[in-house]
Structures are given as structure tokens and as C-alpha cells.
>>> print(open('protein_14.txt').read())   # compact mmCIF, C-alpha atoms
# COMPACT_ATOMS: atom_id res chain seq x y z
CA MET W 1 -12.42 71.95 91.99
CA LYS W 2 -10.31 69.84 94.37
CA ILE W 3 -9.23 66.38 93.26
CA THR W 4 -6.70 63.75 94.36
CA ALA W 5 -3.85 63.10 91.97
CA ALA W 6 -0.70 60.95 91.90
CA VAL W 7 2.02 63.53 91.29
CA THR W 8 5.51 62.68 90.02
CA ARG W 9 8.07 65.17 91.32
CA GLU W 10 11.48 63.68 90.52
CA PRO W 11 12.89 61.41 87.81
CA GLY W 12 12.41 57.79 88.79
CA GLY W 13 10.76 58.82 92.04
CA PRO W 14 7.55 57.63 93.66
CA PHE W 15 4.03 58.87 93.00
CA HIS W 16 2.77 61.22 95.70
CA LEU W 17 -0.98 61.38 96.37
CA GLU W 18 -1.74 65.08 96.70
CA PRO W 19 -4.77 67.41 96.70
CA VAL W 20 -4.75 69.26 93.39
CA ASP W 21 -6.96 71.94 91.84
CA ILE W 22 -8.46 71.20 88.44
CA GLU W 23 -9.95 73.88 86.21
CA ASP W 24 -13.34 73.90 84.54
CA PRO W 25 -13.16 72.63 80.95
CA LEU W 26 -12.26 75.16 78.28
CA PRO W 27 -13.81 75.12 74.79
CA GLY W 28 -13.38 71.67 73.29
CA GLU W 29 -12.44 70.11 76.63
CA VAL W 30 -14.20 67.41 78.65
CA ARG W 31 -13.83 66.88 82.39
CA VAL W 32 -14.08 63.20 83.28
CA ARG W 33 -14.61 61.58 86.66
CA ILE W 34 -12.04 58.81 86.41
CA LEU W 35 -13.24 55.41 87.57
CA ALA W 36 -10.05 53.54 86.72
CA THR W 37 -6.87 53.89 84.71
CA GLY W 38 -4.36 51.40 83.43
CA ILE W 39 -0.65 51.64 84.16
CA CYS W 40 1.43 51.45 80.98
CA HIS W 41 5.18 51.09 80.49
CA THR W 42 5.15 54.45 78.72
CA ASP W 43 4.13 56.07 82.02
CA MET W 44 7.36 54.74 83.51
CA VAL W 45 9.35 55.95 80.50
CA MET W 46 7.96 59.44 81.17
CA ARG W 47 8.53 59.16 84.92
CA ASP W 48 12.15 58.21 84.34
CA GLN W 49 12.65 61.05 81.82
CA LEU W 50 13.52 58.77 78.91
CA LEU W 51 10.82 60.87 77.32
CA PRO W 52 11.55 64.32 78.77
CA VAL W 53 8.17 65.19 80.27
CA PRO W 54 8.33 68.21 82.62
CA GLN W 55 7.81 67.69 86.34
CA PRO W 56 5.94 67.95 88.68
CA VAL W 57 3.39 66.14 86.54
CA VAL W 58 0.32 63.93 86.70
CA LEU W 59 0.86 60.99 84.37
CA GLY W 60 -1.65 58.34 83.27
CA HIS W 61 -2.98 57.74 79.76
CA GLU W 62 -5.37 54.78 79.90
CA GLY W 63 -8.25 56.49 81.67
CA ALA W 64 -11.88 55.42 81.75
CA GLY W 65 -14.76 57.08 83.52
CA ILE W 66 -17.89 59.22 83.36
CA VAL W 67 -18.13 62.66 81.77
CA GLU W 68 -18.71 65.19 84.57
CA SER W 69 -18.91 68.36 82.46
CA VAL W 70 -18.04 69.64 78.99
CA GLY W 71 -16.65 72.91 77.71
CA PRO W 72 -18.25 75.18 75.14
CA GLY W 73 -18.66 73.67 71.70
CA VAL W 74 -18.43 70.01 72.73
CA ARG W 75 -21.05 67.90 70.94
CA LYS W 76 -19.51 64.43 70.88
CA VAL W 77 -20.30 63.58 74.51
CA LYS W 78 -22.38 64.99 77.36
CA ALA W 79 -22.37 64.80 81.15
CA GLY W 80 -23.13 61.26 82.31
CA ASP W 81 -21.65 59.49 79.28
CA ALA W 82 -19.26 56.60 79.90
CA VAL W 83 -15.96 57.11 78.06
CA VAL W 84 -12.52 55.67 77.47
CA ILE W 85 -9.78 58.29 76.97
CA SER W 86 -7.07 57.69 74.38
CA PHE W 87 -4.31 59.80 72.81
CA ASN W 88 -4.92 63.39 71.72
CA THR W 89 -4.64 64.70 68.16
CA CYS W 90 -5.25 67.89 66.18
CA GLY W 91 -7.83 66.51 63.75
CA THR W 92 -6.73 68.74 60.86
CA CYS W 93 -3.24 67.69 59.71
CA PRO W 94 -2.73 65.35 56.73
CA SER W 95 -2.36 62.33 59.01
CA CYS W 96 -5.53 63.05 60.98
CA THR W 97 -7.59 63.74 57.88
CA ASN W 98 -6.27 60.56 56.26
CA ALA W 99 -7.54 58.28 59.06
CA ALA W 100 -4.07 58.00 60.64
CA PRO W 101 -4.45 60.03 63.86
CA SER W 102 -1.66 58.19 65.69
CA TYR W 103 0.75 59.95 63.33
CA CYS W 104 -0.70 63.39 63.99
CA ARG W 105 1.89 66.04 63.18
CA GLU W 106 1.24 67.59 66.59
CA PHE W 107 1.38 64.26 68.48
CA PHE W 108 4.25 65.22 70.78
CA PRO W 109 3.03 68.66 71.90
CA ARG W 110 -0.49 67.35 72.41
CA ASN W 111 0.57 64.26 74.39
CA PHE W 112 4.00 64.68 76.01
CA PHE W 113 4.66 68.36 76.70
CA GLY W 114 2.66 68.49 79.94
CA THR W 115 0.60 71.54 78.97
CA ARG W 116 -2.11 72.68 76.64
CA LEU W 117 -0.86 74.17 73.39
CA ASP W 118 -1.07 77.65 74.96
CA GLY W 119 1.32 76.59 77.74
CA SER W 120 -1.30 76.27 80.50
CA SER W 121 -1.98 73.05 82.35
CA GLY W 122 -5.38 73.07 84.03
CA LEU W 123 -3.83 71.59 87.20
CA SER W 124 -2.25 73.38 90.16
CA LYS W 125 -1.62 73.04 93.89
CA ASP W 126 -1.70 76.09 96.17
CA GLY W 127 -0.66 78.25 93.24
CA GLU W 128 2.08 75.87 92.07
CA PRO W 129 1.56 74.78 88.44
CA ILE W 130 1.32 71.01 88.06
CA HIS W 131 1.94 69.71 84.56
CA GLY W 132 -0.94 67.80 83.03
CA ASN W 133 -2.52 67.06 79.66
CA ILE W 134 -0.38 63.92 79.30
CA PHE W 135 -1.94 62.10 76.35
CA GLY W 136 -4.60 64.76 76.62
CA GLN W 137 -5.77 63.45 80.00
CA SER W 138 -3.33 62.84 82.93
CA SER W 139 -5.61 60.18 84.36
CA PHE W 140 -3.66 59.20 87.50
CA ALA W 141 -6.24 61.30 89.30
CA THR W 142 -9.84 61.23 90.44
CA TYR W 143 -10.76 63.69 87.65
CA ALA W 144 -9.06 64.51 84.35
CA LEU W 145 -9.31 67.22 81.73
CA ALA W 146 -9.56 65.55 78.33
CA HIS W 147 -10.60 66.75 74.89
CA GLU W 148 -13.52 66.10 72.61
CA ARG W 149 -11.01 64.59 70.16
CA ASN W 150 -9.71 61.90 72.51
CA VAL W 151 -12.76 60.70 74.44
CA VAL W 152 -14.56 57.65 73.07
CA LYS W 153 -18.13 57.04 74.19
CA VAL W 154 -18.76 53.44 75.23
CA PRO W 155 -22.00 51.61 76.06
CA ASP W 156 -23.51 52.48 79.43
CA ASP W 157 -23.63 48.80 80.36
CA ALA W 158 -19.96 48.20 79.54
CA PRO W 159 -17.57 47.39 82.44
CA VAL W 160 -16.05 50.88 82.25
CA ALA W 161 -13.47 50.34 85.01
CA LEU W 162 -11.97 47.47 83.00
CA LEU W 163 -11.69 49.30 79.68
CA GLY W 164 -8.81 51.76 80.16
CA PRO W 165 -6.15 49.42 78.69
CA LEU W 166 -8.06 49.45 75.40
CA ALA W 167 -6.92 53.07 75.00
CA CYS W 168 -3.25 52.17 74.56
CA GLY W 169 -1.75 48.78 75.43
CA VAL W 170 -4.41 46.47 74.03
CA MET W 171 -5.11 48.77 71.08
CA THR W 172 -1.40 48.85 70.21
CA GLY W 173 -1.03 45.07 70.24
CA VAL W 174 -4.20 44.25 68.37
CA GLY W 175 -3.86 47.11 65.90
CA THR W 176 -0.28 46.23 65.01
CA VAL W 177 -1.52 42.84 63.83
CA THR W 178 -4.79 43.87 62.19
CA ASN W 179 -4.09 47.41 60.94
CA ALA W 180 -0.35 47.91 60.51
CA LEU W 181 0.90 44.49 59.44
CA LYS W 182 -2.43 43.14 58.21
CA VAL W 183 -1.50 39.59 59.15
CA ARG W 184 -3.45 37.02 57.12
CA ALA W 185 -4.57 33.49 57.87
CA GLY W 186 -1.71 30.99 57.78
CA GLN W 187 1.08 33.55 58.10
CA SER W 188 3.72 33.36 60.84
CA VAL W 189 4.38 35.88 63.59
CA VAL W 190 7.02 36.29 66.30
CA VAL W 191 6.14 38.49 69.27
CA MET W 192 9.11 39.66 71.33
CA GLY W 193 7.97 40.46 74.86
CA ALA W 194 4.81 38.99 76.39
CA GLY W 195 3.45 41.96 78.30
CA THR W 196 0.12 43.64 77.62
CA VAL W 197 1.04 44.74 74.09
CA GLY W 198 2.67 41.45 73.14
CA LEU W 199 -0.11 39.27 74.54
CA SER W 200 -2.71 41.45 72.83
CA ALA W 201 -0.83 40.92 69.58
CA ILE W 202 -0.88 37.18 70.19
CA MET W 203 -4.65 37.24 70.79
CA ALA W 204 -5.09 39.20 67.56
CA ALA W 205 -2.82 36.85 65.60
CA ARG W 206 -4.89 33.90 66.77
CA MET W 207 -8.08 35.79 65.93
CA VAL W 208 -7.04 36.38 62.30
CA GLY W 209 -5.94 32.76 61.89
CA ALA W 210 -2.16 33.14 61.84
CA GLY W 211 -0.35 29.83 61.47
CA ARG W 212 2.75 29.80 63.65
CA ILE W 213 2.64 32.30 66.53
CA ILE W 214 5.89 32.39 68.51
CA ALA W 215 6.23 34.27 71.80
CA ILE W 216 9.64 35.17 73.23
CA ASP W 217 9.83 36.18 76.90
CA PRO W 218 12.17 35.35 79.79
CA GLN W 219 9.38 34.84 82.37
CA PRO W 220 7.84 31.36 82.54
CA ALA W 221 4.44 32.67 83.69
CA ARG W 222 4.22 34.97 80.71
CA ARG W 223 5.24 32.23 78.31
CA ASP W 224 2.49 30.07 79.81
CA MET W 225 0.01 32.92 79.41
CA ALA W 226 1.07 33.34 75.79
CA LEU W 227 0.40 29.66 75.10
CA SER W 228 -3.01 29.87 76.73
CA LEU W 229 -3.94 32.91 74.62
CA GLY W 230 -2.96 31.47 71.26
CA ALA W 231 0.80 31.13 70.86
CA SER W 232 1.84 27.91 69.17
CA ASP W 233 5.42 28.07 70.45
CA VAL W 234 7.39 29.90 73.13
CA ILE W 235 11.09 30.64 73.53
CA ASP W 236 13.03 31.56 76.66
CA PRO W 237 15.61 34.08 75.39
CA VAL W 238 17.92 33.61 78.37
CA GLY W 239 20.95 31.76 77.07
CA THR W 240 19.21 31.11 73.75
CA ASP W 241 20.09 32.23 70.24
CA THR W 242 16.55 33.32 69.45
CA VAL W 243 17.24 33.85 65.75
CA ALA W 244 18.57 30.31 65.39
CA ALA W 245 15.63 28.95 67.37
CA VAL W 246 13.07 30.70 65.16
CA LEU W 247 14.84 29.63 61.99
CA ALA W 248 14.88 26.05 63.24
CA MET W 249 11.13 26.21 63.89
CA THR W 250 10.52 27.51 60.35
CA GLN W 251 12.79 25.15 58.41
CA GLY W 252 15.32 27.92 57.93
CA VAL W 253 12.93 30.26 56.14
CA GLY W 254 12.03 32.69 58.92
CA VAL W 255 8.73 34.33 59.78
CA ASP W 256 6.46 36.67 57.88
CA TYR W 257 6.27 39.19 60.72
CA SER W 258 8.06 40.07 63.94
CA ILE W 259 6.75 42.49 66.55
CA ASP W 260 9.06 44.09 69.10
CA THR W 261 7.55 45.36 72.34
CA THR W 262 10.81 45.58 74.31
CA ALA W 263 12.31 48.77 72.80
CA ARG W 264 15.73 47.10 72.98
CA ALA W 265 17.92 47.64 69.93
CA ASP W 266 19.52 44.19 70.16
CA VAL W 267 16.13 42.50 70.29
CA ILE W 268 14.89 44.54 67.34
CA ARG W 269 17.95 43.45 65.34
CA SER W 270 17.09 39.85 66.17
CA GLY W 271 13.54 40.47 65.00
CA ILE W 272 14.86 41.62 61.62
CA MET W 273 17.19 38.62 61.31
CA MET W 274 14.23 36.25 61.90
CA LEU W 275 12.33 37.52 58.88
CA ALA W 276 11.62 35.51 55.77
CA PRO W 277 12.00 37.27 52.43
CA MET W 278 9.46 40.11 52.17
CA GLY W 279 8.99 39.90 55.94
CA GLU W 280 8.33 42.92 58.12
CA CYS W 281 9.46 43.86 61.64
CA ALA W 282 7.27 46.28 63.59
CA VAL W 283 8.79 48.31 66.43
CA VAL W 284 6.03 49.19 68.90
CA GLY W 285 7.90 49.56 72.20
CA ALA W 286 8.68 53.08 73.43
CA ILE W 287 12.22 53.25 72.09
CA ALA W 288 14.07 56.44 73.01
CA HIS W 289 15.03 59.10 70.50
CA GLY W 290 18.73 58.82 69.66
CA GLN W 291 18.84 55.06 70.20
CA ASP W 292 20.35 53.47 67.09
CA ILE W 293 19.30 50.08 65.73
CA ALA W 294 22.04 48.04 64.04
CA VAL W 295 20.73 46.50 60.83
CA ASP W 296 22.42 43.93 58.58
CA GLY W 297 22.00 45.86 55.36
CA GLY W 298 22.55 42.88 53.12
CA HIS W 299 19.93 40.84 54.97
CA LEU W 300 17.44 43.70 54.74
CA LEU W 301 18.06 44.41 51.07
CA SER W 302 18.46 40.92 49.68
CA GLY W 303 15.10 39.70 50.95
CA GLY W 304 13.09 42.87 50.49
CA ARG W 305 12.59 42.93 54.24
CA ARG W 306 11.10 45.93 56.05
CA LEU W 307 11.54 47.64 59.41
CA ARG W 308 8.86 50.07 60.54
CA GLY W 309 7.61 51.88 63.60
CA VAL W 310 4.00 51.53 64.69
CA VAL W 311 2.28 54.01 67.01
CA GLU W 312 -0.91 53.00 68.83
CA GLY W 313 -1.52 50.15 66.41
CA ASP W 314 -2.25 52.50 63.49
CA ALA W 315 -5.68 52.80 65.10
CA ASP W 316 -8.38 55.44 65.08
CA PRO W 317 -9.72 55.12 68.66
CA ASP W 318 -13.25 56.25 67.76
CA GLN W 319 -13.70 53.19 65.56
CA PHE W 320 -11.21 50.78 67.10
CA ILE W 321 -12.12 50.90 70.79
CA PRO W 322 -15.81 50.02 70.22
CA TRP W 323 -14.66 47.13 68.02
CA LEU W 324 -12.34 45.90 70.78
CA ILE W 325 -15.24 46.03 73.24
CA ASP W 326 -17.35 43.94 70.86
CA LEU W 327 -14.52 41.42 70.50
CA HIS W 328 -14.20 41.15 74.28
CA ARG W 329 -17.92 40.65 74.72
CA ALA W 330 -17.82 37.90 72.11
CA GLY W 331 -15.03 36.13 74.01
CA ARG W 332 -12.50 36.67 71.22
CA LEU W 333 -10.28 39.15 73.09
CA PRO W 334 -10.01 38.02 76.74
CA PHE W 335 -7.73 40.85 77.82
CA ASP W 336 -9.34 40.74 81.27
CA ARG W 337 -7.04 37.78 81.96
CA LEU W 338 -4.09 40.18 81.97
CA VAL W 339 -5.33 42.63 84.59
CA GLN W 340 -5.06 43.07 88.34
CA PHE W 341 -6.79 45.88 90.24
CA TYR W 342 -5.22 48.17 92.84
CA PRO W 343 -6.67 51.08 94.81
CA LEU W 344 -5.23 54.51 94.05
CA ALA W 345 -3.54 54.50 97.45
CA ASP W 346 -1.44 51.53 96.31
CA ILE W 347 -0.26 53.01 93.01
CA ASN W 348 3.42 52.66 93.93
CA GLN W 349 2.94 48.99 94.79
CA ALA W 350 1.14 48.49 91.47
CA VAL W 351 3.99 50.11 89.56
CA ALA W 352 6.57 47.98 91.39
CA ALA W 353 4.62 44.79 90.69
CA SER W 354 4.48 45.69 87.00
CA GLU W 355 8.18 46.53 86.76
CA GLN W 356 9.11 43.30 88.55
CA GLY W 357 6.97 41.25 86.19
CA GLN W 358 4.54 40.11 88.88
CA VAL W 359 1.54 41.67 87.12
CA ILE W 360 0.94 42.09 83.40
CA LYS W 361 -1.54 44.99 83.43
CA PRO W 362 -2.24 46.83 86.68
CA ILE W 363 -5.42 48.92 86.73
CA ILE W 364 -5.80 51.66 89.36
CA LEU W 365 -9.28 52.02 90.85
CA MET W 366 -10.28 55.42 92.12
CA PRO W 367 -11.90 55.69 95.56
CA GLY W 368 -15.47 54.41 95.46
CA THR W 369 -14.98 52.39 92.26
CA PRO W 370 -15.64 48.67 92.78
CA ALA W 371 -13.53 46.18 90.93
CA PRO W 372 -15.44 44.77 87.93
CA VAL W 373 -16.58 41.18 88.23
CA LEU W 374 -14.55 39.22 85.69
>>> encode(input="protein_14.txt", output="C-alpha cells")
Amino acid sequence: MKITAAVTREPGGPFHLEPVDIEDPLPGEVRVRILATGICHTDMVMRDQLLPVPQPVVLGHEGAGIVESVGPGVRKVKAGDAVVISFNTCGTCPSCTNAAPSYCREFFPRNFFGTRLDGSSGLSKDGEPIHGNIFGQSSFATYALAHERNVVKVPDDAPVALLGPLACGVMTGVGTVTNALKVRAGQSVVVMGAGTVGLSAIMAARMVGAGRIIAIDPQPARRDMALSLGASDVIDPVGTDTVAAVLAMTQGVGVDYSIDTTARADVIRSGIMMLAPMGECAVVGAIAHGQDIAVDGGHLLSGGRRLRGVVEGDADPDQFIPWLIDLHRAGRLPFDRLVQFYPLADINQAVAASEQGQVIKPIILMPGTPAPVL
């Protein structure tokens, strides 16, 4: 079957729209007609080879669309079902069977290696193998091969083309607050970086009744957005000692939780230094392997403080994504305020706008998909 895909062929290079062949789904696979897909910072990390994904490759991991066909043995969905596609997992390891699929012991080969586990891809062009299966989908394309494990059926009347960001960015931010840190009413939170993940965390912190919610970001528009979505305070880190500023806001005590979305070691260190005794810093940005984080050992030890990584908000997409949809419908999670739609033909402009901070969450619409009415 011929499809159109945005192919990445060189580190840091542009996306090339190319005709690509996609295979029929194998056992356990689901072929999805993509309506729209979000652009996530992790896509750029893979493009730039900070995560060494093989090229040429079709990226994209916040896909949403309609099931076109299913492979043998698939029972979870059928042709015609509306789905959101999230990360892929094995379903059988101790993490998966303990309701922690984002820590699947096969997470990297199933999401970042650019092939199925048997080394095949499912994508090609004139006999040239094109790497796929990124996050079990590679959704920068008009069709994607996903898996029964990582498709989540959503209501037929849901605004499917809007929902892709729930599969990663929004899920990560909300889940870090509600699942990983379990923030309680009245507690204090600092969010470092007010992009999709950070702003989703701010919405979640407001939703659970957090007391002080502090957003740190260098862009005035994003600080304003943070305030409008529930932050009580904002800090411009440019020329500011952010640790001193947070301590001043909290009468020298510090905050209960800090959340880093920047993947910068210096910012993460600041997040640790802002913590009150028994406080916890969550690292959720795509920090590269081999990047060290300098920690003041005495500060960490003396206050019983904690530093932890959080993947995909500790969420199980099958349960979490429907809950996020319900929250959005109830007006409690207005993530639609973060998005801007672009046609597939303008994917490079969308990426540039995101990297330059002009857009918080770009969503790519496939040909024939109308932009949802927000």
C-alpha cells in the first residue's frame, strides 16, 4: 500500500515528504489511517541523534486516527474504530504486569530501534528499507503500523484529530503530578519549562488543589499561559537566581515538588536545591544517556530529598487516556489552548515554530483532515 510519509534522512536535517510502501499488518499489529499527529520534543531528539535512532526513518509518536485493518489475533480494536496511539510495550515483563508499562524492560527496542523485534520495519521505498516502528507507530505519515498493545480506543464522537498529544506530552505532564508524585491539596510545586509537558503539569497541579504552583520559563508568552492555566507565580530565569527566588517565595523552606521538563543538568540541580525537606524532584525531559547531574550530596541527604526519573507520567495509556478525554470534556484539562494545526506539507515550518518557541504544541493534519473546531 502506498502512503505519504515525512522521512528523516540526515541528523538534524529536514523532513522529506516521500511516497512510501507500508505492509499489511502482521499478527498483533494494527494499521491506522492517521488523521493527525502531535510534534513532540522527543521527535527532535531522535532527529538530531541525541537518541541514536537509525535513519532514514519515519518519526512521530503522538498519532491519532481510524483503524484501517488489523492483523491476525487482534481483538482489542476493529476496522473503523477511532484510536490514539501511545508507546509500545511487551505486556509480559514485571513492569508491564505490575501496571507500570512505561518502564517495560523492552521499552527501548520496542520504541527507539526503528524496527520490529525481528529486525523488519514494515516501511520501504522502491526496495530501500525505511526505518519505522518508532514508539510502535511512526505516525508522521498518512498511515501507520501500530500494535494491539499501544492503540487506545476512544469514543467515536471525540475530536480525534485533537487527541494525539494525550499519547505523550499531556499524559507525561498530568501523570507526573497525579501518578508519580501524587501531589496533594495544599502542597507546592515548581515546574521548570512551560511547554506542553510543563503546562500540562500545571493544569494537573491546579486540578488536584496544589497550593503554590510556580512556573519557570524564559518566554513571557509561556509565563502568561502558565498563569492563565493555574500557576500562582512565574519566574523569568534569565539573569535570575531561581533557587533564591523560589526560597524567597516559600519563606526559605522550599517546595514539596519540582518537575524538570528541560533535560538540562544545571536546571535539574536547581530543582533539587529548591526542595523542602522530604521534597522530590522529577526529571521528565528527554535527558541524554551519559549526561551527568551534579547533586549537592549534603543537601540531598540531610533533608531526605529525592531525585527520580519519570517516563510517560507513570501512566497506563489504556486507562489514562480515556480519563484525560473525560477531564477535557469537563473543562478541567483545556490542553486545546496549547495547540496549533499545520498541514502535513508544512511539517518543517511546524517544527521550526516549535523549536523557536512560537508554538507550544504543533499538530500535523493529514490531507483531508479538517482542523477540529475548538
>>> residues_around(input="protein_14.txt", residues="Asp346 of chain W", least_positions_apart="6", cutoff="12 Å", atoms="all atoms listed in the file", output="VMD selection string")
chain W and resid 6 14 to 17 140 352 to 353 362 to 367
>>> residues_around(input="protein_14.txt", residues="Pro237 of chain W", least_positions_apart="2", cutoff="10 Å", atoms="all atoms listed in the file", output="number ranges by chain")
W: 192-193, 216-219, 234-235, 239-243, 245, 267
>>> atom_distance(input="protein_14.txt", atom1="atom CA of Asp126 of chain W", atom2="atom CA of Val57 of chain W")
14.8 Å
>>> residues_around(input="protein_14.txt", residues="segment 171-176 of chain W", least_positions_apart="2", cutoff="9 Å", atoms="all atoms listed in the file", output="short mmCIF file (atom, residue, chain, number, x, y, z; two decimals) with C-alpha atoms, in the coordinates of the input")
data_model
loop_
_atom_site.label_atom_id
_atom_site.label_comp_id
_atom_site.auth_asym_id
_atom_site.auth_seq_id
_atom_site.Cartn_x
_atom_site.Cartn_y
_atom_site.Cartn_z
CA PRO W 165 -6.15 49.42 78.69
CA LEU W 166 -8.06 49.45 75.40
CA ALA W 167 -6.92 53.07 75.00
CA CYS W 168 -3.25 52.17 74.56
CA GLY W 169 -1.75 48.78 75.43
CA THR W 178 -4.79 43.87 62.19
CA ASN W 179 -4.09 47.41 60.94
CA ALA W 180 -0.35 47.91 60.51
CA LEU W 181 0.90 44.49 59.44
CA LYS W 182 -2.43 43.14 58.21
CA VAL W 183 -1.50 39.59 59.15
CA THR W 196 0.12 43.64 77.62
CA VAL W 197 1.04 44.74 74.09
CA GLY W 198 2.67 41.45 73.14
CA LEU W 199 -0.11 39.27 74.54
CA SER W 200 -2.71 41.45 72.83
CA ALA W 201 -0.83 40.92 69.58
CA ILE W 202 -0.88 37.18 70.19
CA MET W 203 -4.65 37.24 70.79
CA ALA W 204 -5.09 39.20 67.56
CA ALA W 205 -2.82 36.85 65.60
CA ILE W 259 6.75 42.49 66.55
CA THR W 261 7.55 45.36 72.34
CA ALA W 282 7.27 46.28 63.59
CA VAL W 284 6.03 49.19 68.90
CA VAL W 310 4.00 51.53 64.69
CA VAL W 311 2.28 54.01 67.01
CA GLU W 312 -0.91 53.00 68.83
CA GLY W 313 -1.52 50.15 66.41
CA ASP W 314 -2.25 52.50 63.49
CA ALA W 315 -5.68 52.80 65.10
CA PRO W 317 -9.72 55.12 68.66
CA PHE W 320 -11.21 50.78 67.10
CA ILE W 321 -12.12 50.90 70.79
CA LEU W 324 -12.34 45.90 70.78
#
>>> residues_around(input="protein_14.txt", residues="segment 38-40 of chain W", least_positions_apart="5", cutoff="12 Å", atoms="all atoms listed in the file", output="PDB file with C-alpha atoms, in the frame of the given file")
ATOM      1  CA  VAL W  45       9.350  55.950  80.500  1.00  0.00           C
ATOM      2  CA  MET W  46       7.960  59.440  81.170  1.00  0.00           C
ATOM      3  CA  ARG W  47       8.530  59.160  84.920  1.00  0.00           C
ATOM      4  CA  LEU W  59       0.860  60.990  84.370  1.00  0.00           C
ATOM      5  CA  GLY W  60      -1.650  58.340  83.270  1.00  0.00           C
ATOM      6  CA  HIS W  61      -2.980  57.740  79.760  1.00  0.00           C
ATOM      7  CA  GLU W  62      -5.370  54.780  79.900  1.00  0.00           C
ATOM      8  CA  GLY W  63      -8.250  56.490  81.670  1.00  0.00           C
ATOM      9  CA  ALA W  64     -11.880  55.420  81.750  1.00  0.00           C
ATOM     10  CA  GLY W  65     -14.760  57.080  83.520  1.00  0.00           C
ATOM     11  CA  VAL W  84     -12.520  55.670  77.470  1.00  0.00           C
ATOM     12  CA  ILE W  85      -9.780  58.290  76.970  1.00  0.00           C
ATOM     13  CA  SER W  86      -7.070  57.690  74.380  1.00  0.00           C
ATOM     14  CA  SER W 138      -3.330  62.840  82.930  1.00  0.00           C
ATOM     15  CA  SER W 139      -5.610  60.180  84.360  1.00  0.00           C
ATOM     16  CA  PHE W 140      -3.660  59.200  87.500  1.00  0.00           C
ATOM     17  CA  ALA W 141      -6.240  61.300  89.300  1.00  0.00           C
ATOM     18  CA  VAL W 160     -16.050  50.880  82.250  1.00  0.00           C
ATOM     19  CA  ALA W 161     -13.470  50.340  85.010  1.00  0.00           C
ATOM     20  CA  LEU W 162     -11.970  47.470  83.000  1.00  0.00           C
ATOM     21  CA  LEU W 163     -11.690  49.300  79.680  1.00  0.00           C
ATOM     22  CA  GLY W 164      -8.810  51.760  80.160  1.00  0.00           C
ATOM     23  CA  PRO W 165      -6.150  49.420  78.690  1.00  0.00           C
ATOM     24  CA  LEU W 166      -8.060  49.450  75.400  1.00  0.00           C
ATOM     25  CA  ALA W 167      -6.920  53.070  75.000  1.00  0.00           C
ATOM     26  CA  CYS W 168      -3.250  52.170  74.560  1.00  0.00           C
ATOM     27  CA  GLY W 169      -1.750  48.780  75.430  1.00  0.00           C
ATOM     28  CA  VAL W 170      -4.410  46.470  74.030  1.00  0.00           C
ATOM     29  CA  THR W 172      -1.400  48.850  70.210  1.00  0.00           C
ATOM     30  CA  GLY W 195       3.450  41.960  78.300  1.00  0.00           C
ATOM     31  CA  THR W 196       0.120  43.640  77.620  1.00  0.00           C
ATOM     32  CA  VAL W 197       1.040  44.740  74.090  1.00  0.00           C
ATOM     33  CA  GLY W 285       7.900  49.560  72.200  1.00  0.00           C
ATOM     34  CA  ALA W 286       8.680  53.080  73.430  1.00  0.00           C
ATOM     35  CA  ASP W 336      -9.340  40.740  81.270  1.00  0.00           C
ATOM     36  CA  LEU W 338      -4.090  40.180  81.970  1.00  0.00           C
ATOM     37  CA  VAL W 339      -5.330  42.630  84.590  1.00  0.00           C
ATOM     38  CA  GLN W 340      -5.060  43.070  88.340  1.00  0.00           C
ATOM     39  CA  PHE W 341      -6.790  45.880  90.240  1.00  0.00           C
ATOM     40  CA  TYR W 342      -5.220  48.170  92.840  1.00  0.00           C
ATOM     41  CA  PRO W 343      -6.670  51.080  94.810  1.00  0.00           C
ATOM     42  CA  LEU W 344      -5.230  54.510  94.050  1.00  0.00           C
ATOM     43  CA  ILE W 347      -0.260  53.010  93.010  1.00  0.00           C
ATOM     44  CA  ASN W 348       3.420  52.660  93.930  1.00  0.00           C
ATOM     45  CA  GLN W 349       2.940  48.990  94.790  1.00  0.00           C
ATOM     46  CA  ALA W 350       1.140  48.490  91.470  1.00  0.00           C
ATOM     47  CA  VAL W 351       3.990  50.110  89.560  1.00  0.00           C
ATOM     48  CA  ALA W 352       6.570  47.980  91.390  1.00  0.00           C
ATOM     49  CA  ALA W 353       4.620  44.790  90.690  1.00  0.00           C
ATOM     50  CA  SER W 354       4.480  45.690  87.000  1.00  0.00           C
ATOM     51  CA  GLU W 355       8.180  46.530  86.760  1.00  0.00           C
ATOM     52  CA  VAL W 359       1.540  41.670  87.120  1.00  0.00           C
ATOM     53  CA  ILE W 360       0.940  42.090  83.400  1.00  0.00           C
ATOM     54  CA  LYS W 361      -1.540  44.990  83.430  1.00  0.00           C
ATOM     55  CA  PRO W 362      -2.240  46.830  86.680  1.00  0.00           C
ATOM     56  CA  ILE W 363      -5.420  48.920  86.730  1.00  0.00           C
ATOM     57  CA  ILE W 364      -5.800  51.660  89.360  1.00  0.00           C
ATOM     58  CA  LEU W 365      -9.280  52.020  90.850  1.00  0.00           C
ATOM     59  CA  MET W 366     -10.280  55.420  92.120  1.00  0.00           C
TER      60      MET W 366
END
>>> closest_residue(input="protein_14.txt", among="W:Val58, W:Val151, W:Ile130, W:Ile287", to="Val74 of chain W", atoms="only C-alpha atoms")
W:Val151
>>> atom_distance(input="protein_14.txt", atom1="atom CA of Gly209 of chain W", atom2="atom CA of Gln187 of chain W")
8.0 Å
>>> closest_residue(input="protein_14.txt", among="W:Leu300, W:Ile134, W:Ala371, W:Ala146", to="Phe112 of chain W", atoms="only C-alpha atoms")
W:Ile134
>>> residues_around(input="protein_14.txt", residues="Gly71 of chain W", least_positions_apart="2", cutoff="6 Å", atoms="all atoms listed in the file", output="list of chain:residue names")
W:Pro25, W:Leu26, W:Pro27, W:Gly28, W:Glu29
>>> write_last_selection(input="protein_14.txt", atoms="C-alpha atoms", output="PDB file, in the coordinates of the input")
ATOM      1  CA  PRO W  25     -13.160  72.630  80.950  1.00  0.00           C
ATOM      2  CA  LEU W  26     -12.260  75.160  78.280  1.00  0.00           C
ATOM      3  CA  PRO W  27     -13.810  75.120  74.790  1.00  0.00           C
ATOM      4  CA  GLY W  28     -13.380  71.670  73.290  1.00  0.00           C
ATOM      5  CA  GLU W  29     -12.440  70.110  76.630  1.00  0.00           C
TER       6      GLU W  29
END
>>> atom_distance(input="protein_14.txt", atom1="atom CA of Val189 of chain W", atom2="atom CA of Met207 of chain W")
12.7 Å
